[in-house]
$ cat query-v8.txt   # compact mmCIF, C-alpha atoms and all ligand atoms
# COMPACT_ATOMS: atom_id res chain seq x y z
CA MET A 19 92.10 70.38 112.72
CA ALA A 20 91.38 73.14 110.22
CA ASN A 21 90.99 73.13 106.45
CA ILE A 22 93.69 75.32 104.97
CA LEU A 23 93.97 76.48 101.37
CA VAL A 24 97.33 77.61 100.04
CA THR A 25 96.40 79.43 96.84
CA GLN A 26 99.75 79.35 94.97
CA HIS A 27 103.29 77.99 95.06
CA ILE A 28 105.03 78.83 98.35
CA GLY A 29 107.55 75.96 98.49
CA ASP A 30 107.42 72.76 100.53
CA GLU A 31 108.78 74.04 103.85
CA GLY A 32 105.76 76.18 104.69
CA VAL A 33 103.24 73.57 103.57
CA GLN A 34 105.02 70.92 105.63
CA LYS A 35 104.76 73.10 108.77
CA LEU A 36 101.00 73.47 108.24
CA CYS A 37 100.61 69.68 107.77
CA GLU A 38 102.81 68.88 110.79
CA ALA A 39 100.51 71.04 112.90
CA GLY A 40 97.76 68.53 112.06
CA HIS A 41 95.78 70.57 109.56
CA ALA A 42 94.22 69.39 106.29
CA VAL A 43 96.07 71.38 103.65
CA THR A 44 94.98 71.90 100.06
CA TYR A 45 98.11 73.08 98.32
CA ARG A 46 97.58 74.54 94.86
CA ASP A 47 101.19 74.31 93.73
CA GLU A 48 100.81 76.70 90.77
CA THR A 49 102.48 79.97 89.87
CA GLU A 50 99.34 81.59 88.40
CA PRO A 51 96.54 82.96 90.58
CA MET A 52 93.08 81.41 90.37
CA THR A 53 90.34 83.26 88.50
CA PRO A 54 87.85 85.02 90.79
CA ASP A 55 85.31 82.20 90.19
CA GLU A 56 87.87 79.51 90.97
CA LEU A 57 88.92 81.26 94.16
CA GLN A 58 85.30 81.66 95.30
CA THR A 59 84.76 77.92 94.81
CA ALA A 60 88.07 76.94 96.39
CA VAL A 61 87.34 78.77 99.67
CA LEU A 62 83.90 77.20 100.33
CA ASP A 63 84.99 74.91 103.22
CA VAL A 64 88.17 76.68 104.17
CA ASP A 65 89.04 77.82 107.73
CA GLY A 66 92.44 79.28 106.94
CA LEU A 67 93.78 80.90 103.78
CA VAL A 68 97.41 81.47 102.78
CA CYS A 69 97.44 83.83 99.80
CA LEU A 70 99.74 86.00 97.71
CA LEU A 71 99.37 89.61 96.60
CA THR A 72 98.03 88.45 93.23
CA ASP A 73 95.01 86.80 94.93
CA ARG A 74 92.15 89.27 95.14
CA VAL A 75 90.29 88.53 98.38
CA ASP A 76 87.22 90.70 97.93
CA THR A 77 83.70 90.58 99.36
CA ALA A 78 82.61 87.92 96.85
CA VAL A 79 85.39 85.62 98.11
CA LEU A 80 84.66 86.46 101.75
CA ASN A 81 80.94 85.82 101.24
CA ALA A 82 81.70 82.43 99.70
CA ALA A 83 84.03 81.49 102.57
CA ALA A 84 81.46 80.92 105.29
CA ASN A 85 83.94 79.11 107.61
CA LEU A 86 86.92 81.39 107.08
CA LYS A 87 88.65 82.43 110.31
CA MET A 88 91.98 83.74 109.14
CA ILE A 89 93.80 85.02 106.05
CA ALA A 90 97.61 85.03 106.08
CA ASN A 91 98.88 87.20 103.22
CA VAL A 92 102.44 86.40 102.14
CA ALA A 93 103.29 90.08 101.62
CA VAL A 94 103.54 93.21 103.73
CA GLY A 95 101.18 95.14 101.43
CA TYR A 96 97.58 94.00 101.78
CA ASP A 97 95.75 96.09 99.17
CA ASN A 98 94.64 92.76 97.60
CA ILE A 99 92.44 92.04 100.62
CA ASP A 100 89.26 93.87 101.61
CA LEU A 101 90.39 94.32 105.21
CA ALA A 102 87.26 96.21 106.31
CA ALA A 103 84.98 93.48 104.95
CA ALA A 104 87.09 90.76 106.60
CA THR A 105 86.98 92.63 109.90
CA GLU A 106 83.18 92.99 109.66
CA ARG A 107 82.97 89.22 109.28
CA GLY A 108 85.33 88.59 112.22
CA ILE A 109 88.07 87.16 109.97
CA LEU A 110 91.66 87.73 111.13
CA VAL A 111 94.10 89.06 108.54
CA SER A 112 97.90 89.07 108.85
CA ASN A 113 100.79 90.27 106.67
CA THR A 114 104.59 89.81 106.70
CA PRO A 115 106.22 93.06 107.87
CA ASP A 116 109.88 93.51 108.90
CA VAL A 117 111.34 90.34 107.35
CA LEU A 118 111.43 91.97 103.89
CA THR A 119 112.29 95.53 104.90
CA GLU A 120 116.05 95.54 104.30
CA THR A 121 115.82 93.41 101.14
CA THR A 122 113.23 95.72 99.58
CA ALA A 123 115.27 98.79 100.57
CA ASP A 124 118.34 97.20 98.94
CA HIS A 125 116.32 96.80 95.75
CA ALA A 126 115.03 100.38 95.88
CA PHE A 127 118.60 101.59 96.22
CA ALA A 128 119.81 99.27 93.47
CA LEU A 129 117.19 100.83 91.18
CA LEU A 130 118.16 104.33 92.30
CA LEU A 131 121.81 103.70 91.42
CA ALA A 132 120.87 101.89 88.22
CA ILE A 133 118.83 104.81 86.92
CA ALA A 134 121.29 107.47 88.10
CA ARG A 135 124.25 105.75 86.42
CA ARG A 136 122.24 104.30 83.53
CA ILE A 137 123.44 100.75 84.20
CA PRO A 138 120.93 98.87 81.98
CA GLU A 139 121.54 101.28 79.10
CA ALA A 140 125.31 100.86 79.57
CA ASP A 141 124.94 97.07 79.56
CA THR A 142 122.93 97.16 76.32
CA PHE A 143 125.47 99.60 74.78
CA MET A 144 128.41 97.30 75.57
CA ARG A 145 126.70 94.15 74.32
CA ALA A 146 125.78 95.93 71.08
CA GLY A 147 129.50 96.56 70.50
CA LYS A 148 129.00 100.33 70.60
CA TYR A 149 131.92 101.05 72.94
CA ASP A 150 134.55 101.99 70.38
CA LYS A 151 136.25 104.92 72.13
CA PHE A 152 136.60 106.58 75.54
CA GLU A 153 134.90 109.97 75.56
CA MET A 154 135.11 112.76 78.13
CA PHE A 155 131.40 113.39 77.76
CA PRO A 156 129.95 110.04 76.59
CA PRO A 157 126.33 109.59 75.47
CA LEU A 158 125.52 107.82 78.74
CA LEU A 159 126.35 110.61 81.18
CA GLY A 160 124.64 109.96 84.51
CA LEU A 161 123.71 111.77 87.69
CA ASP A 162 125.57 112.13 90.98
CA VAL A 163 123.97 110.41 93.95
CA TYR A 164 126.38 111.27 96.76
CA GLY A 165 125.30 114.35 98.71
CA LYS A 166 122.05 114.79 96.78
CA THR A 167 118.55 115.12 98.27
CA LEU A 168 116.48 111.99 98.74
CA GLY A 169 112.72 112.40 99.15
CA ILE A 170 110.95 109.47 100.78
CA VAL A 171 107.21 109.41 100.17
CA GLY A 172 106.05 107.26 103.10
CA LEU A 173 108.69 107.01 105.82
CA GLY A 174 107.60 103.67 107.28
CA ARG A 175 109.68 100.52 107.69
CA ILE A 176 110.98 100.32 104.11
CA GLY A 177 111.09 104.09 103.57
CA THR A 178 113.27 104.44 106.68
CA ALA A 179 115.58 101.66 105.50
CA VAL A 180 115.95 103.43 102.12
CA ALA A 181 116.58 106.74 103.92
CA ARG A 182 119.33 105.11 106.04
CA ARG A 183 121.10 103.87 102.93
CA GLY A 184 120.92 107.35 101.43
CA ALA A 185 121.91 109.35 104.53
CA LEU A 186 124.54 107.05 106.03
CA GLY A 187 125.95 105.49 102.86
CA PHE A 188 125.68 108.32 100.36
CA GLY A 189 125.68 111.49 102.47
CA MET A 190 122.22 112.38 101.22
CA LYS A 191 119.90 114.94 102.73
CA VAL A 192 116.59 113.20 103.54
CA LEU A 193 113.14 114.73 103.22
CA TYR A 194 110.03 112.68 103.93
CA THR A 195 106.27 112.54 104.03
CA ALA A 196 104.23 110.31 106.35
CA ASN A 197 100.92 110.50 108.16
CA SER A 198 102.74 111.25 111.41
CA ARG A 199 106.05 112.87 112.33
CA LYS A 200 108.99 110.47 112.79
CA MET A 201 111.10 112.14 115.50
CA ALA A 202 113.49 109.21 116.00
CA VAL A 203 114.36 109.06 112.28
CA GLU A 204 114.66 112.85 112.11
CA GLN A 205 117.24 112.69 114.90
CA GLU A 206 119.07 109.62 113.59
CA LEU A 207 119.37 110.77 109.97
CA ASN A 208 118.90 114.51 110.26
CA ALA A 209 115.79 113.99 108.12
CA ALA A 210 113.13 116.66 107.70
CA ARG A 211 109.39 116.24 107.24
CA ALA A 212 107.98 118.12 104.25
CA THR A 213 104.72 118.51 102.43
CA LEU A 214 104.58 116.48 99.22
CA PRO A 215 104.93 119.58 96.99
CA GLU A 216 107.98 120.72 99.01
CA LEU A 217 109.52 117.27 98.81
CA LEU A 218 108.94 117.09 95.06
CA ARG A 219 110.38 120.56 94.50
CA GLN A 220 113.59 119.86 96.42
CA SER A 221 114.42 116.19 95.86
CA ASP A 222 116.89 114.80 93.35
CA PHE A 223 115.56 111.28 93.93
CA VAL A 224 111.98 110.52 95.01
CA SER A 225 111.38 107.05 96.44
CA ILE A 226 107.77 105.90 96.76
CA ASN A 227 107.24 103.77 99.86
CA VAL A 228 103.59 104.35 100.80
CA PRO A 229 101.03 101.52 100.79
CA LEU A 230 98.39 101.49 98.05
CA THR A 231 95.23 102.97 99.56
CA PRO A 232 92.37 105.06 98.14
CA GLU A 233 94.42 108.16 99.12
CA THR A 234 97.65 107.04 97.43
CA ARG A 235 96.13 105.62 94.22
CA HIS A 236 97.38 107.88 91.39
CA LEU A 237 99.22 110.07 93.88
CA PHE A 238 101.69 110.58 91.01
CA THR A 239 100.03 112.09 87.94
CA LEU A 240 101.45 114.45 85.32
CA GLU A 241 100.57 117.31 87.65
CA THR A 242 102.60 115.75 90.49
CA LEU A 243 105.48 114.83 88.20
CA ARG A 244 105.62 118.41 86.92
CA GLN A 245 106.39 119.52 90.49
CA MET A 246 109.62 117.48 90.42
CA LYS A 247 112.92 118.90 89.18
CA PRO A 248 113.66 118.16 85.52
CA THR A 249 116.90 116.61 86.80
CA ALA A 250 115.13 114.32 89.30
CA CYS A 251 114.37 110.58 89.23
CA LEU A 252 111.35 108.69 90.52
CA ILE A 253 111.79 105.24 92.08
CA ASN A 254 108.69 103.15 92.76
CA THR A 255 109.07 99.93 94.74
CA ALA A 256 105.68 100.26 96.50
CA ARG A 257 102.65 99.49 94.31
CA GLY A 258 102.06 100.24 90.63
CA PRO A 259 98.73 102.10 90.80
CA ILE A 260 100.31 104.81 92.97
CA VAL A 261 101.77 106.14 89.71
CA LYS A 262 99.55 106.87 86.71
CA GLU A 263 101.67 105.04 84.17
CA ASP A 264 100.44 106.90 81.06
CA ASP A 265 101.32 110.18 82.76
CA LEU A 266 104.75 108.91 83.70
CA LEU A 267 105.36 107.92 80.10
CA THR A 268 104.37 111.43 78.98
CA ALA A 269 106.68 112.93 81.62
CA LEU A 270 109.59 110.78 80.44
CA ARG A 271 108.95 111.56 76.78
CA GLU A 272 108.66 115.30 77.49
CA LYS A 273 111.66 115.16 79.84
CA THR A 274 109.54 116.61 82.64
CA ILE A 275 111.72 114.45 84.90
CA TRP A 276 115.16 112.98 84.19
CA GLY A 277 114.34 109.33 84.73
CA ALA A 278 112.37 106.65 86.53
CA ALA A 279 112.95 103.21 87.98
CA LEU A 280 109.95 100.95 88.49
CA ASP A 281 109.61 97.62 90.25
CA VAL A 282 105.80 97.66 90.20
CA PHE A 283 103.20 98.45 87.54
CA GLU A 284 99.67 99.70 87.31
CA ALA A 285 98.23 96.54 85.72
CA GLU A 286 100.78 93.88 86.63
CA PRO A 287 102.15 91.79 85.08
CA GLN A 288 101.56 94.09 82.08
CA MET A 289 103.10 97.51 81.74
CA THR A 290 101.85 100.33 79.56
CA SER A 291 103.13 99.39 76.12
CA GLY A 292 104.79 102.72 75.47
CA LEU A 293 106.85 102.22 78.63
CA ALA A 294 108.26 98.94 77.35
CA GLN A 295 109.43 100.73 74.21
CA HIS A 296 110.96 103.63 76.15
CA HIS A 297 114.62 102.71 76.57
CA GLU A 298 116.15 105.96 77.71
CA ARG A 299 116.46 106.72 81.41
CA LEU A 300 113.91 104.14 82.46
CA VAL A 301 114.77 101.06 84.50
CA VAL A 302 112.15 98.36 85.01
CA ALA A 303 112.07 95.19 87.10
CA PRO A 304 109.34 92.55 87.49
CA HIS A 305 108.28 93.16 91.11
CA LEU A 306 111.49 91.86 92.69
CA GLY A 307 111.57 94.07 95.83
CA SER A 308 111.63 91.21 98.34
CA ALA A 309 112.82 88.58 95.88
CA THR A 310 115.82 86.92 97.47
CA GLY A 311 115.59 83.25 98.39
CA ASP A 312 116.17 83.90 102.10
CA THR A 313 113.65 86.71 102.35
CA ARG A 314 110.92 84.97 100.40
CA GLN A 315 111.32 81.92 102.69
CA LYS A 316 111.14 84.18 105.76
CA MET A 317 107.93 85.67 104.38
CA VAL A 318 106.41 82.22 103.94
CA ASN A 319 107.51 81.18 107.44
CA THR A 320 106.04 84.39 108.88
CA ALA A 321 102.69 83.85 107.15
CA VAL A 322 102.56 80.20 108.28
CA LYS A 323 103.39 81.14 111.87
CA ASN A 324 100.68 83.81 111.89
CA LEU A 325 98.11 81.38 110.54
CA LEU A 326 98.98 78.62 113.01
CA VAL A 327 98.78 81.03 115.96
CA GLY A 328 95.50 82.51 114.71
CA LEU A 329 93.86 79.16 114.09
CA ALA A 330 94.94 78.10 117.60
CA GLY A 331 92.76 80.94 118.93
CA GLN A 332 95.65 83.23 119.89
CA LYS A 333 96.66 86.67 118.63
CA PRO A 334 98.86 86.34 115.52
CA PRO A 335 102.06 88.42 115.82
CA ASP A 336 101.34 90.36 112.62
CA VAL A 337 97.57 90.63 112.80
CA LEU A 338 96.23 93.70 110.96
CA ASN A 339 92.75 93.80 112.48
CA THR A 340 93.88 93.71 116.13
CA GLU A 341 90.34 94.52 117.27
CA ILE A 342 89.19 91.05 116.18
CA ALA A 343 92.13 89.31 117.84
CA ASP A 344 91.66 91.31 121.05
CA GLN A 345 87.91 90.53 121.16
CA ALA A 346 88.64 86.81 120.74
CA ASN A 347 91.15 86.91 123.59
CA GLU A 348 89.01 88.88 126.05
P1 LIG A 401 104.78 100.84 106.49
O1 LIG A 401 105.83 100.57 107.53
O2 LIG A 401 103.35 100.74 106.88
O3 LIG A 401 105.09 102.27 105.86
C1 LIG A 401 104.20 102.99 105.08
C2 LIG A 401 104.43 104.47 105.37
O4 LIG A 401 103.59 105.22 104.51
C3 LIG A 401 104.06 104.88 106.79
O5 LIG A 401 105.12 105.63 107.33
C4 LIG A 401 102.83 105.76 106.64
O6 LIG A 401 102.81 106.86 107.56
C5 LIG A 401 103.02 106.29 105.24
N1 LIG A 401 101.77 106.68 104.60
C6 LIG A 401 100.63 105.96 104.47
N2 LIG A 401 99.72 106.65 103.77
C7 LIG A 401 100.32 107.83 103.44
C8 LIG A 401 99.90 108.97 102.72
N3 LIG A 401 98.67 109.04 102.19
N4 LIG A 401 100.78 109.98 102.58
C9 LIG A 401 102.02 109.93 103.11
N5 LIG A 401 102.47 108.88 103.82
C10 LIG A 401 101.62 107.84 103.98
O7 LIG A 401 104.95 99.83 105.26
P2 LIG A 401 106.30 99.17 104.70
O8 LIG A 401 106.54 97.88 105.38
O9 LIG A 401 107.36 100.20 104.71
O10 LIG A 401 105.82 98.85 103.21
C11 LIG A 401 105.42 99.89 102.33
C12 LIG A 401 104.81 99.34 101.06
O11 LIG A 401 105.83 98.81 100.23
C13 LIG A 401 103.86 98.14 101.26
O12 LIG A 401 102.55 98.57 101.58
C14 LIG A 401 103.92 97.43 99.92
O13 LIG A 401 102.87 97.87 99.10
C15 LIG A 401 105.25 97.87 99.34
N6 LIG A 401 106.20 96.76 99.18
C16 LIG A 401 106.64 96.42 97.92
C17 LIG A 401 107.57 95.42 97.76
C18 LIG A 401 108.07 95.03 96.40
O14 LIG A 401 108.34 93.86 96.18
N7 LIG A 401 108.25 95.96 95.49
C19 LIG A 401 108.06 94.71 98.88
C20 LIG A 401 107.59 95.07 100.12
C21 LIG A 401 106.67 96.11 100.26
P3 LIG A 401 102.49 106.64 109.14
O15 LIG A 401 103.57 105.71 109.65
O16 LIG A 401 102.63 107.99 109.73
O17 LIG A 401 101.13 106.04 109.19
$ encode --input "query-v8.txt" --output "structure tokens"
Amino acid sequence: MANILVTQHIGDEGVQKLCEAGHAVTYRDETEPMTPDELQTAVLDVDGLVCLLTDRVDTAVLNAAANLKMIANVAVGYDNIDLAAATERGILVSNTPDVLTETTADHAFALLLAIARRIPEADTFMRAGKYDKFEMFPPLLGLDVYGKTLGIVGLGRIGTAVARRGALGFGMKVLYTANSRKMAVEQELNAARATLPELLRQSDFVSINVPLTPETRHLFTLETLRQMKPTACLINTARGPIVKEDDLLTALREKTIWGAALDVFEAEPQMTSGLAQHHERLVVAPHLGSATGDTRQKMVNTAVKNLLVGLAGQKPPDVLNTEIADQANE
């Protein structure tokens, strides 16, 4: 039997599975993360941790958790966890890839269409009773999507799913960046790898799908945004700090780019105050990429499965530090 801490609300189904497996589960059924001090105290006797992306699992937490064997993050991104420090301490870490890929890509595309066709602005316009006549060239003229160029910054699981929607559904030409060349996707979608400056210069829509790492933090500054076409839109469904929000606000105000759609923010849950006041050609959502009931439940089930396998001494299906799992199974 292991002591498991579930840091925040994940619903009863996942907690029940952990209990049925015979573990002692402390379920903090709250929708706010703990403070760093609270988390350090809460992990003292814990063997297994189920956490969300708003839980910062840093070295202070890892040092406090002397018994910790495994962390199951209920997210595919794991920038909230110091993976290197966990690996040093022999602690397994898992995430929830694949189960949220299509849902997050749907959301990225919803945002792309919403910004291109100015759907939130149109909604506000209607509700304000401003639609008093049909005009050939109305104030809310949008952008074409069909046949345009879609630049995917980070052609991984989600980036590829966004690219498929663009290429197969909207006849878009796909350009991409990634650490390595993606031959299968190039063949399937007639996609082309580009350098970031090339991608920015040519794309009508730029979708950010890289993880947040030291290399991608503030990848988009005013300098980067100035390399985009003035008629282009930026869509960020990855992580907020990849875009320097103040610079994006400047770019929107100066019309350096046409528009932006953001699901994630630099200092969530806050957003730069100027952004909140900027109503033109900016679509914002409160980190809803994977937020459908089915997908969120699949994420919970995936995290629980990983934790149960890891605590049983086997290799979790979505382990991130495979070297630890492989050592344990040698
Ligand atoms: P993934 O499969 O690992 O894809 C990430 C891609 O980024 C990979 O193709 C990788 O290239 C590429 N990459 C990494 N660093 C790069 C760099 N410096 N420059 C260019 N390309 C780089 O991850 P995923 O499952 O698609 O998820 C992507 C991210 O989306 C997650 O990390 C998470 O932060 C975010 N996300 C957000 C939501 C939301 O609710 N908004 C939901 C799910 C995920 P290689 O393959 O060549 O290494």
$ axis_aligned_box --input "query-v8.txt" --around "ligand LIG 401 (chain A)" --padding-each-side "3 Å" --output "AutoDock Vina command-line options"
--center_x 103.5 --center_y 101.9 --center_z 102.6 --size_x 15.7 --size_y 22.1 --size_z 20.2
$ residues_around --input "query-v8.txt" --residues "region 88-95 of chain A" --least-positions-apart "3" --cutoff "6 Å" --atoms "only C-alpha atoms" --output "PyMOL selection string"
chain A and resi 66-70+109-115+317+321+325
$ residues_near_ligand --input "query-v8.txt" --ligand "ligand LIG 401 (chain A)" --cutoff "9 Å" --atoms "only C-alpha atoms and all ligand atoms" --output "VMD selection string"
chain A and resid 93 to 97 114 to 116 118 to 119 121 to 123 125 to 126 171 to 179 194 to 200 214 226 to 234 237 254 to 258 280 to 282 304 to 309
$ write_last_selection --input "query-v8.txt" --atoms "C-alpha atoms" --output "PDB file, in the frame of the given file"
ATOM      1  CA  ALA A  93     103.290  90.080 101.620  1.00  0.00           C
ATOM      2  CA  VAL A  94     103.540  93.210 103.730  1.00  0.00           C
ATOM      3  CA  GLY A  95     101.180  95.140 101.430  1.00  0.00           C
ATOM      4  CA  TYR A  96      97.580  94.000 101.780  1.00  0.00           C
ATOM      5  CA  ASP A  97      95.750  96.090  99.170  1.00  0.00           C
ATOM      6  CA  THR A 114     104.590  89.810 106.700  1.00  0.00           C
ATOM      7  CA  PRO A 115     106.220  93.060 107.870  1.00  0.00           C
ATOM      8  CA  ASP A 116     109.880  93.510 108.900  1.00  0.00           C
ATOM      9  CA  LEU A 118     111.430  91.970 103.890  1.00  0.00           C
ATOM     10  CA  THR A 119     112.290  95.530 104.900  1.00  0.00           C
ATOM     11  CA  THR A 121     115.820  93.410 101.140  1.00  0.00           C
ATOM     12  CA  THR A 122     113.230  95.720  99.580  1.00  0.00           C
ATOM     13  CA  ALA A 123     115.270  98.790 100.570  1.00  0.00           C
ATOM     14  CA  HIS A 125     116.320  96.800  95.750  1.00  0.00           C
ATOM     15  CA  ALA A 126     115.030 100.380  95.880  1.00  0.00           C
ATOM     16  CA  VAL A 171     107.210 109.410 100.170  1.00  0.00           C
ATOM     17  CA  GLY A 172     106.050 107.260 103.100  1.00  0.00           C
ATOM     18  CA  LEU A 173     108.690 107.010 105.820  1.00  0.00           C
ATOM     19  CA  GLY A 174     107.600 103.670 107.280  1.00  0.00           C
ATOM     20  CA  ARG A 175     109.680 100.520 107.690  1.00  0.00           C
ATOM     21  CA  ILE A 176     110.980 100.320 104.110  1.00  0.00           C
ATOM     22  CA  GLY A 177     111.090 104.090 103.570  1.00  0.00           C
ATOM     23  CA  THR A 178     113.270 104.440 106.680  1.00  0.00           C
ATOM     24  CA  ALA A 179     115.580 101.660 105.500  1.00  0.00           C
ATOM     25  CA  TYR A 194     110.030 112.680 103.930  1.00  0.00           C
ATOM     26  CA  THR A 195     106.270 112.540 104.030  1.00  0.00           C
ATOM     27  CA  ALA A 196     104.230 110.310 106.350  1.00  0.00           C
ATOM     28  CA  ASN A 197     100.920 110.500 108.160  1.00  0.00           C
ATOM     29  CA  SER A 198     102.740 111.250 111.410  1.00  0.00           C
ATOM     30  CA  ARG A 199     106.050 112.870 112.330  1.00  0.00           C
ATOM     31  CA  LYS A 200     108.990 110.470 112.790  1.00  0.00           C
ATOM     32  CA  LEU A 214     104.580 116.480  99.220  1.00  0.00           C
ATOM     33  CA  ILE A 226     107.770 105.900  96.760  1.00  0.00           C
ATOM     34  CA  ASN A 227     107.240 103.770  99.860  1.00  0.00           C
ATOM     35  CA  VAL A 228     103.590 104.350 100.800  1.00  0.00           C
ATOM     36  CA  PRO A 229     101.030 101.520 100.790  1.00  0.00           C
ATOM     37  CA  LEU A 230      98.390 101.490  98.050  1.00  0.00           C
ATOM     38  CA  THR A 231      95.230 102.970  99.560  1.00  0.00           C
ATOM     39  CA  PRO A 232      92.370 105.060  98.140  1.00  0.00           C
ATOM     40  CA  GLU A 233      94.420 108.160  99.120  1.00  0.00           C
ATOM     41  CA  THR A 234      97.650 107.040  97.430  1.00  0.00           C
ATOM     42  CA  LEU A 237      99.220 110.070  93.880  1.00  0.00           C
ATOM     43  CA  ASN A 254     108.690 103.150  92.760  1.00  0.00           C
ATOM     44  CA  THR A 255     109.070  99.930  94.740  1.00  0.00           C
ATOM     45  CA  ALA A 256     105.680 100.260  96.500  1.00  0.00           C
ATOM     46  CA  ARG A 257     102.650  99.490  94.310  1.00  0.00           C
ATOM     47  CA  GLY A 258     102.060 100.240  90.630  1.00  0.00           C
ATOM     48  CA  LEU A 280     109.950 100.950  88.490  1.00  0.00           C
ATOM     49  CA  ASP A 281     109.610  97.620  90.250  1.00  0.00           C
ATOM     50  CA  VAL A 282     105.800  97.660  90.200  1.00  0.00           C
ATOM     51  CA  PRO A 304     109.340  92.550  87.490  1.00  0.00           C
ATOM     52  CA  HIS A 305     108.280  93.160  91.110  1.00  0.00           C
ATOM     53  CA  LEU A 306     111.490  91.860  92.690  1.00  0.00           C
ATOM     54  CA  GLY A 307     111.570  94.070  95.830  1.00  0.00           C
ATOM     55  CA  SER A 308     111.630  91.210  98.340  1.00  0.00           C
ATOM     56  CA  ALA A 309     112.820  88.580  95.880  1.00  0.00           C
TER      57      ALA A 309
END
$ atom_distance --input "query-v8.txt" --atom1 "CA of Val117 (chain A)" --atom2 "CA of Arg183 (chain A)"
17.3 Å
$ closest_residue --input "query-v8.txt" --among "A:Ala202, A:Glu106, A:Trp276, A:Thr290" --to "Leu159 (chain A)" --atoms "only C-alpha atoms"
A:Trp276
$ residues_around --input "query-v8.txt" --residues "Val203 (chain A)" --least-positions-apart "4" --cutoff "9 Å" --atoms "only C-alpha atoms" --output "PyMOL selection string"
chain A and resi 173+178+181-182+207-210
$ closest_residue --input "query-v8.txt" --among "A:Lys247, A:Arg211, A:Gly277, A:Val322" --to "Val24 (chain A)" --atoms "all atoms listed in the file"
A:Val322
$ atom_distance --input "query-v8.txt" --atom1 "CA of Ala103 (chain A)" --atom2 "CA of Leu80 (chain A)"
7.7 Å
$ residues_around --input "query-v8.txt" --residues "Gly328 (chain A)" --least-positions-apart "5" --cutoff "9 Å" --atoms "all atoms listed in the file" --output "list in words"
Gly66, Lys87, Met88, Leu110, Lys323, Lys333, Pro334, Pro335, Val337 and Ala343 of chain A
$ closest_residue --input "query-v8.txt" --among "A:Thr313, A:Gln345, A:Asn319, A:Ser225" --to "Ala278 (chain A)" --atoms "all atoms listed in the file"
A:Ser225
$ build_atoms --input "query-v8.txt" --residues "region 127-139 of chain A" --atoms "N, CA and C atoms" --output "short mmCIF file (atom, residue, chain, number, x, y, z; two decimals), keeping the file's coordinate frame"
data_model
loop_
_atom_site.label_atom_id
_atom_site.label_comp_id
_atom_site.auth_asym_id
_atom_site.auth_seq_id
_atom_site.Cartn_x
_atom_site.Cartn_y
_atom_site.Cartn_z
N PHE A 127 117.34 100.87 96.42
CA PHE A 127 118.60 101.59 96.22
C PHE A 127 119.34 101.10 94.97
N ALA A 128 119.21 99.81 94.71
CA ALA A 128 119.81 99.27 93.47
C ALA A 128 119.19 99.97 92.27
N LEU A 129 117.88 100.15 92.29
CA LEU A 129 117.19 100.83 91.18
C LEU A 129 117.60 102.29 91.10
N LEU A 130 117.75 102.91 92.28
CA LEU A 130 118.16 104.33 92.30
C LEU A 130 119.53 104.49 91.63
N LEU A 131 120.46 103.61 92.01
CA LEU A 131 121.81 103.70 91.42
C LEU A 131 121.78 103.34 89.94
N ALA A 132 120.94 102.35 89.62
CA ALA A 132 120.87 101.89 88.22
C ALA A 132 120.35 102.99 87.30
N ILE A 133 119.35 103.74 87.77
CA ILE A 133 118.83 104.81 86.92
C ILE A 133 119.81 105.99 86.89
N ALA A 134 120.39 106.31 88.05
CA ALA A 134 121.29 107.47 88.10
C ALA A 134 122.51 107.25 87.21
N ARG A 135 123.03 106.02 87.18
CA ARG A 135 124.25 105.75 86.42
C ARG A 135 123.98 104.97 85.14
N ARG A 136 122.70 104.84 84.82
CA ARG A 136 122.24 104.30 83.53
C ARG A 136 122.81 102.89 83.26
N ILE A 137 122.81 102.07 84.30
CA ILE A 137 123.44 100.75 84.20
C ILE A 137 122.81 99.85 83.11
N PRO A 138 121.48 99.73 83.05
CA PRO A 138 120.93 98.87 81.98
C PRO A 138 121.25 99.39 80.58
N GLU A 139 121.20 100.71 80.41
CA GLU A 139 121.54 101.28 79.10
C GLU A 139 123.01 101.01 78.76
#
